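Below is one structure, written out as structure tokens, with a few remarks after it.
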Amino acid sequence: MTFAIHGLAVSRGIAIGRAVVVASSRMEVRHYFIESAQIEAEIARARTARNAVVDELQRLMSDLPGDVPGELAALLEVHLMLLQDEVLAAGVRHWISERLYNAEWALMTQLEQISRQFDEMEDPYLRERKADLEQVADRILRYMRGAPACPVAQPPEPAADAVQPVLDGMADAPLVLVAQDLSPADMLQFKRSVFAGFVTAVGGKTSHTAIVARSMDIPAVVGARAASQLIRQDDWIIIDGNAGIVLVDPSPIILEEYRFRQRQDVLERERLARLRHTPSVTLDGQKVELLANIEQPSDAAAAVRAGAVGVGLFRSEFLFMGREGKLPGEEEQFEAYKAAVDGMQGLPVTIRTIDVGADKPLDKGFKETSLNPALGLRAIRWSLAEPAMFRTQLRAILRAAAFGKVHLLFPMVSHQHEAHSIVAQVKLAQAELDARGAAYGAVQLGAMIEIPAAAIMVRSLLKHFDFVSIGTNDLIQYTLAIDRADEAVAHLYDPLHPAVLGLVAQVIEAANDMGKQVCVCGEMAGDTSMTRLLLGLGLRSFSMHPAQILSVKQEVLRADTRKLQPWAQAVLQADVPADVLAAAS
């Protein structure tokens, strides 16, 4: 009998195949006390396992094929940093020597301690990094048990079952992977294997599995909580990456329907690919700028391949995270920013200054004391409170600007005095470079509009900045007082709430009136259901994940902004904007 499991749609497409179910090695961990005489041996056992996994990941990184996405290599680096983090190692030693736990028990206890810190983080992307830590522990446990390091290395042989006759013509159907979660190393093996899609029980839209799945364009559903329990080895399943649904034991009718959708998806992707070099211009001649959001310098290549005309958001946080107590210096940052600029081949790159602090603590003794981290010392507030660190980053970005067109973007600006301080710090950084005769380029300065106060006073802020970028994710969260990661209230997180749309429209109108550039760089920018509305509100610059660019471009090419303007105003004035939007689709 066919049944459906619901999860999160994170990577488009349809995959049909036989399930390979992989259980987590963390399900059963032995817990026992050791003797005092065994402490050193147990610590050595844990250290040997960790070192073996470090060696394994280093070998994987050195043997990476040229077509591996930059996201995958970057996530392997994250796992290496976590493995070598002294907090993890010191904690394991503590539980062994002080509590006399066996090595596996000590590892899992320390994992739980650190996991609680991740759970308290406000930022959803960083909160998802808890899964990386869990996978690091998982690989160490596998080594201790002598189990294969990569659970997807050897898919089982097909089993004869009653469904096979139903799948006529699919005797050579690919395999699809069902797992609790997948590590970057597993994903690398996944890329080299016959798997056509995957389902994980955990994960979110910003989890590493989602990021890599999008970059590899593999159908995937994550957060399908019951998948590992309900799907059996060799079950035939359909992964609907468009809807976030997994269908188990499909009937002939359902199977034929999804075969048809699969063929249509292939045709649609081929058709979209032909739009790569087509200028992004509406039917009435309005040029629309489609930019890419990136997190690593290596992501620039994917942005160029997708047809992006620049980078609208380069998140610089990756340089600062997991540093074992040492922040990156000016030279290291300069090389990273320059690599991104070079990778964009002359196209503009917008670099956002470090957006951490409070809910995103760094490994430098920074400790949050606020009762509400989301409203604490974070983003530009933290940068202005650490001027030496801030100017180090500014100098590195300014130097990179000598090699291409660079824009500087500042997160979470909300006060006039912050705008004054930002401009002053940029001038100080320029003066410091002048004093030592270092070359640097001219940059435009921009403010992220993420707080309702900033949206309301945007005209005042635009007197100090050349452009603004609307971060819709945080703007929605702060406007509606909703933590979208909190399952109890996540259903209230609504991009189409009248207050949210009113603020977005207000920012776009103000920037256009003042002749300043305005861009949307949150999830809303890559959502094709929102493209026509944003165009009707006057937006002409969108920044999104590279994989979303061609779909949004298709919407742009079909749009006539003259007709969309009055309709967009009707959406704004509606009590329930979603109803007006749905009626027009």
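Residue numbering restarts at 1 in every chain; chains get A, B, ... in the order shown in the structure tokens, and ligands count up from 1 in that same order.
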Do a neighbour search on A:Leu107 at 10 Å with only C-alpha atoms, toss out local chain neighbours closer than 5 positions, and write the hits as number ranges by chain. A: 29, 46, 88-89, 91-93, 95-96, 101-102, 112, 137-138, 140-141
Skipping near chain neighbours, those fewer than 2 positions away, what residues fall within 8 Å of stretch 522-532 of chain A using only C-alpha atoms, listed as a VMD selection string? chain A and resid 470 to 473 495 520 534 to 536 542 to 545 548 to 549 551 to 552 555 to 556 559 564
Based on the selection just made, write N, CA and C atoms of those residues as a PDB file, in the first residue's frame.
```pdb
ATOM      1  N   ILE A 470      17.706  44.364   1.188  1.00  0.00           N
ATOM      2  CA  ILE A 470      16.674  43.921   2.126  1.00  0.00           C
ATOM      3  C   ILE A 470      16.910  42.455   2.474  1.00  0.00           C
ATOM      4  N   GLY A 471      17.218  42.200   3.738  1.00  0.00           N
ATOM      5  CA  GLY A 471      17.358  40.832   4.223  1.00  0.00           C
ATOM      6  C   GLY A 471      16.009  40.353   4.724  1.00  0.00           C
ATOM      7  N   THR A 472      15.231  39.760   3.842  1.00  0.00           N
ATOM      8  CA  THR A 472      13.835  39.457   4.175  1.00  0.00           C
ATOM      9  C   THR A 472      13.710  38.425   5.298  1.00  0.00           C
ATOM     10  N   ASN A 473      14.679  37.523   5.419  1.00  0.00           N
ATOM     11  CA  ASN A 473      14.565  36.493   6.463  1.00  0.00           C
ATOM     12  C   ASN A 473      14.463  37.114   7.849  1.00  0.00           C
ATOM     13  N   PRO A 495       5.938  35.486   4.828  1.00  0.00           N
ATOM     14  CA  PRO A 495       6.467  36.543   3.956  1.00  0.00           C
ATOM     15  C   PRO A 495       5.378  37.439   3.369  1.00  0.00           C
ATOM     16  N   VAL A 520      16.943  42.713  -3.002  1.00  0.00           N
ATOM     17  CA  VAL A 520      16.436  41.767  -2.009  1.00  0.00           C
ATOM     18  C   VAL A 520      17.348  40.550  -2.046  1.00  0.00           C
ATOM     19  N   LEU A 534       7.374  41.330  -6.503  1.00  0.00           N
ATOM     20  CA  LEU A 534       8.518  42.213  -6.254  1.00  0.00           C
ATOM     21  C   LEU A 534       8.796  43.104  -7.469  1.00  0.00           C
ATOM     22  N   LEU A 535       8.639  42.554  -8.654  1.00  0.00           N
ATOM     23  CA  LEU A 535       8.798  43.375  -9.866  1.00  0.00           C
ATOM     24  C   LEU A 535       7.737  44.474  -9.908  1.00  0.00           C
ATOM     25  N   GLY A 536       6.495  44.113  -9.550  1.00  0.00           N
ATOM     26  CA  GLY A 536       5.414  45.099  -9.535  1.00  0.00           C
ATOM     27  C   GLY A 536       5.631  46.188  -8.506  1.00  0.00           C
ATOM     28  N   PHE A 542      17.733  41.263  -7.685  1.00  0.00           N
ATOM     29  CA  PHE A 542      17.448  40.095  -6.851  1.00  0.00           C
ATOM     30  C   PHE A 542      18.765  39.348  -6.614  1.00  0.00           C
ATOM     31  N   SER A 543      18.983  38.870  -5.399  1.00  0.00           N
ATOM     32  CA  SER A 543      20.174  38.063  -5.119  1.00  0.00           C
ATOM     33  C   SER A 543      19.744  36.780  -4.425  1.00  0.00           C
ATOM     34  N   MET A 544      20.224  35.633  -4.925  1.00  0.00           N
ATOM     35  CA  MET A 544      19.711  34.326  -4.476  1.00  0.00           C
ATOM     36  C   MET A 544      20.774  33.258  -4.649  1.00  0.00           C
ATOM     37  N   HIS A 545      20.461  32.038  -4.202  1.00  0.00           N
ATOM     38  CA  HIS A 545      21.343  30.902  -4.447  1.00  0.00           C
ATOM     39  C   HIS A 545      21.471  30.708  -5.954  1.00  0.00           C
ATOM     40  N   GLN A 548      18.865  28.976  -8.163  1.00  0.00           N
ATOM     41  CA  GLN A 548      17.527  29.551  -8.347  1.00  0.00           C
ATOM     42  C   GLN A 548      17.477  30.590  -9.466  1.00  0.00           C
ATOM     43  N   ILE A 549      18.620  30.977  -9.987  1.00  0.00           N
ATOM     44  CA  ILE A 549      18.683  32.121 -10.906  1.00  0.00           C
ATOM     45  C   ILE A 549      17.889  31.898 -12.180  1.00  0.00           C
ATOM     46  N   SER A 551      15.378  29.913 -12.887  1.00  0.00           N
ATOM     47  CA  SER A 551      13.918  29.870 -12.674  1.00  0.00           C
ATOM     48  C   SER A 551      13.358  31.270 -12.479  1.00  0.00           C
ATOM     49  N   VAL A 552      14.075  32.102 -11.724  1.00  0.00           N
ATOM     50  CA  VAL A 552      13.629  33.484 -11.525  1.00  0.00           C
ATOM     51  C   VAL A 552      13.735  34.261 -12.839  1.00  0.00           C
ATOM     52  N   GLU A 555      10.709  33.847 -14.959  1.00  0.00           N
ATOM     53  CA  GLU A 555       9.596  34.682 -14.512  1.00  0.00           C
ATOM     54  C   GLU A 555       9.769  36.126 -14.974  1.00  0.00           C
ATOM     55  N   VAL A 556      10.997  36.613 -14.907  1.00  0.00           N
ATOM     56  CA  VAL A 556      11.286  37.986 -15.335  1.00  0.00           C
ATOM     57  C   VAL A 556      10.987  38.157 -16.818  1.00  0.00           C
ATOM     58  N   ALA A 559       7.355  38.654 -17.616  1.00  0.00           N
ATOM     59  CA  ALA A 559       6.650  39.710 -16.877  1.00  0.00           C
ATOM     60  C   ALA A 559       6.541  41.010 -17.674  1.00  0.00           C
ATOM     61  N   LEU A 564       1.924  44.724 -13.924  1.00  0.00           N
ATOM     62  CA  LEU A 564       2.136  44.220 -12.567  1.00  0.00           C
ATOM     63  C   LEU A 564       2.018  45.307 -11.498  1.00  0.00           C
TER      64      LEU A 564
END
```
In stretch 258-507 of chain A, what's strand (DSSP E or B) per DSSP? Answer as a compact mmCIF listing (two decimals) with N, CA, C and O atoms, in the first residue's frame?
```txt
# COMPACT_ATOMS: atom_id res chain seq x y z
N VAL A 281 15.51 40.74 -19.04
CA VAL A 281 14.75 41.94 -19.38
C VAL A 281 13.27 41.58 -19.46
O VAL A 281 12.90 40.56 -20.06
N LYS A 287 15.27 46.25 -17.40
CA LYS A 287 16.41 45.38 -17.09
C LYS A 287 16.37 44.99 -15.61
O LYS A 287 16.16 45.83 -14.74
N GLU A 289 18.44 42.85 -12.57
CA GLU A 289 19.74 42.31 -12.17
C GLU A 289 19.54 41.06 -11.31
O GLU A 289 18.91 41.11 -10.26
N LEU A 290 20.08 39.94 -11.78
CA LEU A 290 19.99 38.69 -11.03
C LEU A 290 21.38 38.32 -10.52
O LEU A 290 22.29 38.00 -11.29
N LEU A 291 21.52 38.38 -9.20
CA LEU A 291 22.80 38.18 -8.54
C LEU A 291 22.80 36.88 -7.73
O LEU A 291 21.75 36.29 -7.51
N ALA A 292 23.98 36.48 -7.26
CA ALA A 292 24.11 35.24 -6.50
C ALA A 292 24.52 35.52 -5.06
O ALA A 292 25.29 36.44 -4.78
N ASN A 293 24.00 34.70 -4.15
CA ASN A 293 24.48 34.67 -2.76
C ASN A 293 25.55 33.59 -2.66
O ASN A 293 25.31 32.46 -3.11
N ILE A 294 26.71 33.89 -2.09
CA ILE A 294 27.75 32.89 -1.94
C ILE A 294 28.31 32.93 -0.52
O ILE A 294 28.14 33.92 0.19
N VAL A 311 27.75 39.13 -7.59
CA VAL A 311 27.42 38.57 -6.28
C VAL A 311 26.73 39.65 -5.47
O VAL A 311 27.29 40.73 -5.25
N GLY A 312 25.51 39.36 -5.05
CA GLY A 312 24.75 40.33 -4.26
C GLY A 312 24.97 40.19 -2.77
O GLY A 312 24.67 41.10 -2.00
N LEU A 313 25.51 39.04 -2.36
CA LEU A 313 25.76 38.80 -0.93
C LEU A 313 26.84 37.73 -0.78
O LEU A 313 26.62 36.57 -1.08
N PHE A 314 28.03 38.16 -0.35
CA PHE A 314 29.10 37.24 0.01
C PHE A 314 29.19 37.27 1.53
O PHE A 314 29.62 38.25 2.12
N ARG A 315 28.74 36.17 2.16
CA ARG A 315 28.75 36.09 3.62
C ARG A 315 30.18 35.81 4.08
O ARG A 315 30.73 34.75 3.78
N VAL A 349 31.11 42.28 -6.84
CA VAL A 349 30.96 41.42 -5.67
C VAL A 349 30.59 42.27 -4.47
O VAL A 349 31.32 43.22 -4.13
N THR A 350 29.48 41.97 -3.83
CA THR A 350 29.06 42.66 -2.61
C THR A 350 29.46 41.80 -1.41
O THR A 350 28.96 40.68 -1.25
N ILE A 351 30.36 42.32 -0.59
CA ILE A 351 30.85 41.57 0.58
C ILE A 351 30.20 42.14 1.83
O ILE A 351 30.33 43.33 2.12
N ARG A 352 29.51 41.29 2.56
CA ARG A 352 28.91 41.72 3.81
C ARG A 352 29.93 41.52 4.94
O ARG A 352 30.54 40.46 5.06
N GLY A 357 28.19 37.25 16.46
CA GLY A 357 28.09 37.88 17.78
C GLY A 357 26.79 37.46 18.42
O GLY A 357 25.83 37.10 17.75
N LYS A 360 25.85 34.03 17.61
CA LYS A 360 26.85 33.39 16.77
C LYS A 360 28.22 33.60 17.39
O LYS A 360 29.05 34.34 16.88
N VAL A 406 33.92 46.11 -6.09
CA VAL A 406 33.49 45.59 -4.79
C VAL A 406 32.55 46.58 -4.11
O VAL A 406 32.79 47.78 -4.12
N HIS A 407 31.49 46.03 -3.52
CA HIS A 407 30.58 46.81 -2.68
C HIS A 407 30.70 46.30 -1.26
O HIS A 407 30.86 45.10 -1.02
N LEU A 408 30.59 47.20 -0.30
CA LEU A 408 30.67 46.86 1.12
C LEU A 408 29.27 46.94 1.73
O LEU A 408 28.61 47.97 1.64
N LEU A 409 28.83 45.85 2.35
CA LEU A 409 27.49 45.79 2.92
C LEU A 409 27.57 45.57 4.43
O LEU A 409 28.31 44.69 4.89
N PHE A 410 26.81 46.34 5.19
CA PHE A 410 26.88 46.28 6.65
C PHE A 410 25.55 45.74 7.21
O PHE A 410 24.49 46.29 6.90
N VAL A 443 35.00 51.71 -3.14
CA VAL A 443 33.88 50.82 -2.86
C VAL A 443 32.61 51.63 -2.62
O VAL A 443 32.67 52.78 -2.18
N GLN A 444 31.48 51.03 -2.96
CA GLN A 444 30.20 51.60 -2.58
C GLN A 444 29.80 51.02 -1.23
O GLN A 444 30.11 49.87 -0.92
N LEU A 445 29.12 51.81 -0.43
CA LEU A 445 28.71 51.38 0.90
C LEU A 445 27.20 51.14 0.93
O LEU A 445 26.42 51.95 0.42
N GLY A 446 26.82 50.01 1.55
CA GLY A 446 25.40 49.67 1.62
C GLY A 446 24.98 49.21 3.00
O GLY A 446 25.81 48.74 3.79
N ALA A 447 23.70 49.32 3.28
CA ALA A 447 23.15 48.89 4.58
C ALA A 447 22.14 47.78 4.36
O ALA A 447 21.31 47.84 3.45
N MET A 448 22.22 46.75 5.21
CA MET A 448 21.20 45.71 5.21
C MET A 448 19.97 46.23 5.95
O MET A 448 20.08 46.76 7.06
N ILE A 449 18.83 46.09 5.33
CA ILE A 449 17.57 46.47 5.97
C ILE A 449 16.92 45.19 6.49
O ILE A 449 16.29 44.43 5.76
N PHE A 467 23.59 52.25 -1.39
CA PHE A 467 22.57 51.26 -1.73
C PHE A 467 22.07 50.59 -0.45
O PHE A 467 22.70 50.71 0.61
N VAL A 468 20.95 49.89 -0.57
CA VAL A 468 20.44 49.09 0.54
C VAL A 468 20.09 47.70 0.01
O VAL A 468 19.79 47.51 -1.17
N SER A 469 20.17 46.73 0.90
CA SER A 469 19.83 45.36 0.56
C SER A 469 18.86 44.85 1.62
O SER A 469 19.16 44.90 2.82
N ILE A 470 17.71 44.36 1.19
CA ILE A 470 16.67 43.92 2.13
C ILE A 470 16.91 42.45 2.47
O ILE A 470 16.81 41.58 1.62
```
Near A:Trp382, within 10 Å and counting only C-alpha atoms, which residues show up once chain neighbours fewer than 3 positions away are dropped, as a PyMOL selection string? chain A and resi 354-358+376-379+385-387+389-390
Emit the selected residues as an mmCIF file, in the first residue's frame, including N, CA and C atoms.
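What ended up in selection-v9.cif:
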```cif
data_model
loop_
_atom_site.group_PDB
_atom_site.id
_atom_site.type_symbol
_atom_site.label_atom_id
_atom_site.label_comp_id
_atom_site.auth_asym_id
_atom_site.auth_seq_id
_atom_site.Cartn_x
_atom_site.Cartn_y
_atom_site.Cartn_z
ATOM 1 N N ILE A 354 31.306 40.936 8.748
ATOM 2 C CA ILE A 354 31.006 39.802 9.625
ATOM 3 C C ILE A 354 29.668 39.975 10.351
ATOM 4 N N ASP A 355 28.828 38.968 10.202
ATOM 5 C CA ASP A 355 27.496 38.999 10.818
ATOM 6 C C ASP A 355 27.443 37.935 11.914
ATOM 7 N N VAL A 356 28.252 38.124 12.959
ATOM 8 C CA VAL A 356 28.250 37.199 14.088
ATOM 9 C C VAL A 356 28.211 38.000 15.377
ATOM 10 N N GLY A 357 28.188 37.250 16.458
ATOM 11 C CA GLY A 357 28.090 37.878 17.779
ATOM 12 C C GLY A 357 26.789 37.459 18.423
ATOM 13 N N ALA A 358 26.731 37.503 19.734
ATOM 14 C CA ALA A 358 25.537 37.108 20.482
ATOM 15 C C ALA A 358 25.176 35.663 20.181
ATOM 16 N N GLY A 376 20.641 41.189 21.052
ATOM 17 C CA GLY A 376 21.851 41.584 21.764
ATOM 18 C C GLY A 376 22.927 42.181 20.883
ATOM 19 N N LEU A 377 24.178 42.004 21.324
ATOM 20 C CA LEU A 377 25.343 42.574 20.647
ATOM 21 C C LEU A 377 25.719 41.674 19.478
ATOM 22 N N ARG A 378 25.199 41.978 18.309
ATOM 23 C CA ARG A 378 25.440 41.132 17.146
ATOM 24 C C ARG A 378 25.626 41.997 15.899
ATOM 25 N N ALA A 379 26.134 41.367 14.826
ATOM 26 C CA ALA A 379 26.291 42.005 13.526
ATOM 27 C C ALA A 379 27.082 43.312 13.630
ATOM 28 N N ALA A 385 31.777 47.562 18.238
ATOM 29 C CA ALA A 385 32.294 47.404 19.597
ATOM 30 C C ALA A 385 33.716 46.835 19.599
ATOM 31 N N GLU A 386 34.153 46.322 18.437
ATOM 32 C CA GLU A 386 35.509 45.772 18.280
ATOM 33 C C GLU A 386 36.184 46.476 17.100
ATOM 34 N N PRO A 387 36.508 47.753 17.219
ATOM 35 C CA PRO A 387 36.985 48.529 16.070
ATOM 36 C C PRO A 387 38.268 47.989 15.437
ATOM 37 N N MET A 389 39.273 44.812 15.197
ATOM 38 C CA MET A 389 38.867 43.688 14.359
ATOM 39 C C MET A 389 38.134 44.175 13.113
ATOM 40 N N PHE A 390 37.251 45.151 13.308
ATOM 41 C CA PHE A 390 36.427 45.676 12.219
ATOM 42 C C PHE A 390 37.306 46.299 11.134
#
```
Near A:Leu503, counting only C-alpha atoms, which residues have an atom at most 8 Å away, once you skip same-chain residues fewer than 5 positions from it, shown as an MDAnalysis selection string? chainID A and resid 452 455:456
Can you write out the residues you just picked, keeping C-alpha atoms, as a CSV table (one decimal), in the first residue's frame?
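Full text of again_19.csv as output:
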```csv
chain,number,residue,atom,x,y,z
A,452,PRO,CA,11.6,47.3,11.0
A,455,ALA,CA,12.8,50.0,6.9
A,456,ILE,CA,10.8,52.9,8.4
```
With distances taken over only C-alpha atoms, which residue among A:Lys326, A:Arg30, A:Arg259, A:Arg50 lies nearest A:Ile14?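 Once distances to A:Ile14 are computed over only C-alpha atoms, the minimum belongs to A:Arg259.
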Residues within 7 Å of A:Ala179, only C-alpha atoms, excluding chain neighbours under 5 positions, as a list in words: Val21, Val22, Ala23, Val199, Thr200, Ala201 and Ser228 of chain A
Go ahead and write the selection's residues with N, CA, C and O atoms as a CSV table (one decimal), in the first residue's frame.
```
chain,number,residue,atom,x,y,z
A,21,VAL,N,18.7,1.9,3.0
A,21,VAL,CA,18.5,2.5,4.3
A,21,VAL,C,19.8,2.3,5.2
A,21,VAL,O,20.3,1.2,5.4
A,22,VAL,N,20.3,3.5,5.7
A,22,VAL,CA,21.5,3.5,6.5
A,22,VAL,C,21.2,3.9,7.9
A,22,VAL,O,20.6,5.0,8.1
A,23,ALA,N,21.5,3.1,8.8
A,23,ALA,CA,21.3,3.4,10.2
A,23,ALA,C,22.4,4.2,10.8
A,23,ALA,O,23.6,4.0,10.4
A,199,VAL,N,17.0,10.9,1.1
A,199,VAL,CA,16.0,11.4,2.1
A,199,VAL,C,16.8,11.3,3.5
A,199,VAL,O,17.4,10.3,3.8
A,200,THR,N,16.7,12.3,4.3
A,200,THR,CA,17.2,12.3,5.6
A,200,THR,C,16.2,12.6,6.7
A,200,THR,O,15.2,13.3,6.4
A,201,ALA,N,16.3,12.0,7.8
A,201,ALA,CA,15.3,12.1,8.9
A,201,ALA,C,15.5,13.5,9.5
A,201,ALA,O,14.5,14.0,10.0
A,228,SER,N,13.5,6.8,8.4
A,228,SER,CA,14.4,5.7,8.8
A,228,SER,C,13.6,4.5,9.4
A,228,SER,O,14.0,3.4,9.3
```
Atomic separation - atom CA of A:Gln117 relative to atom CA of A:His31, Å: 23.5 Å
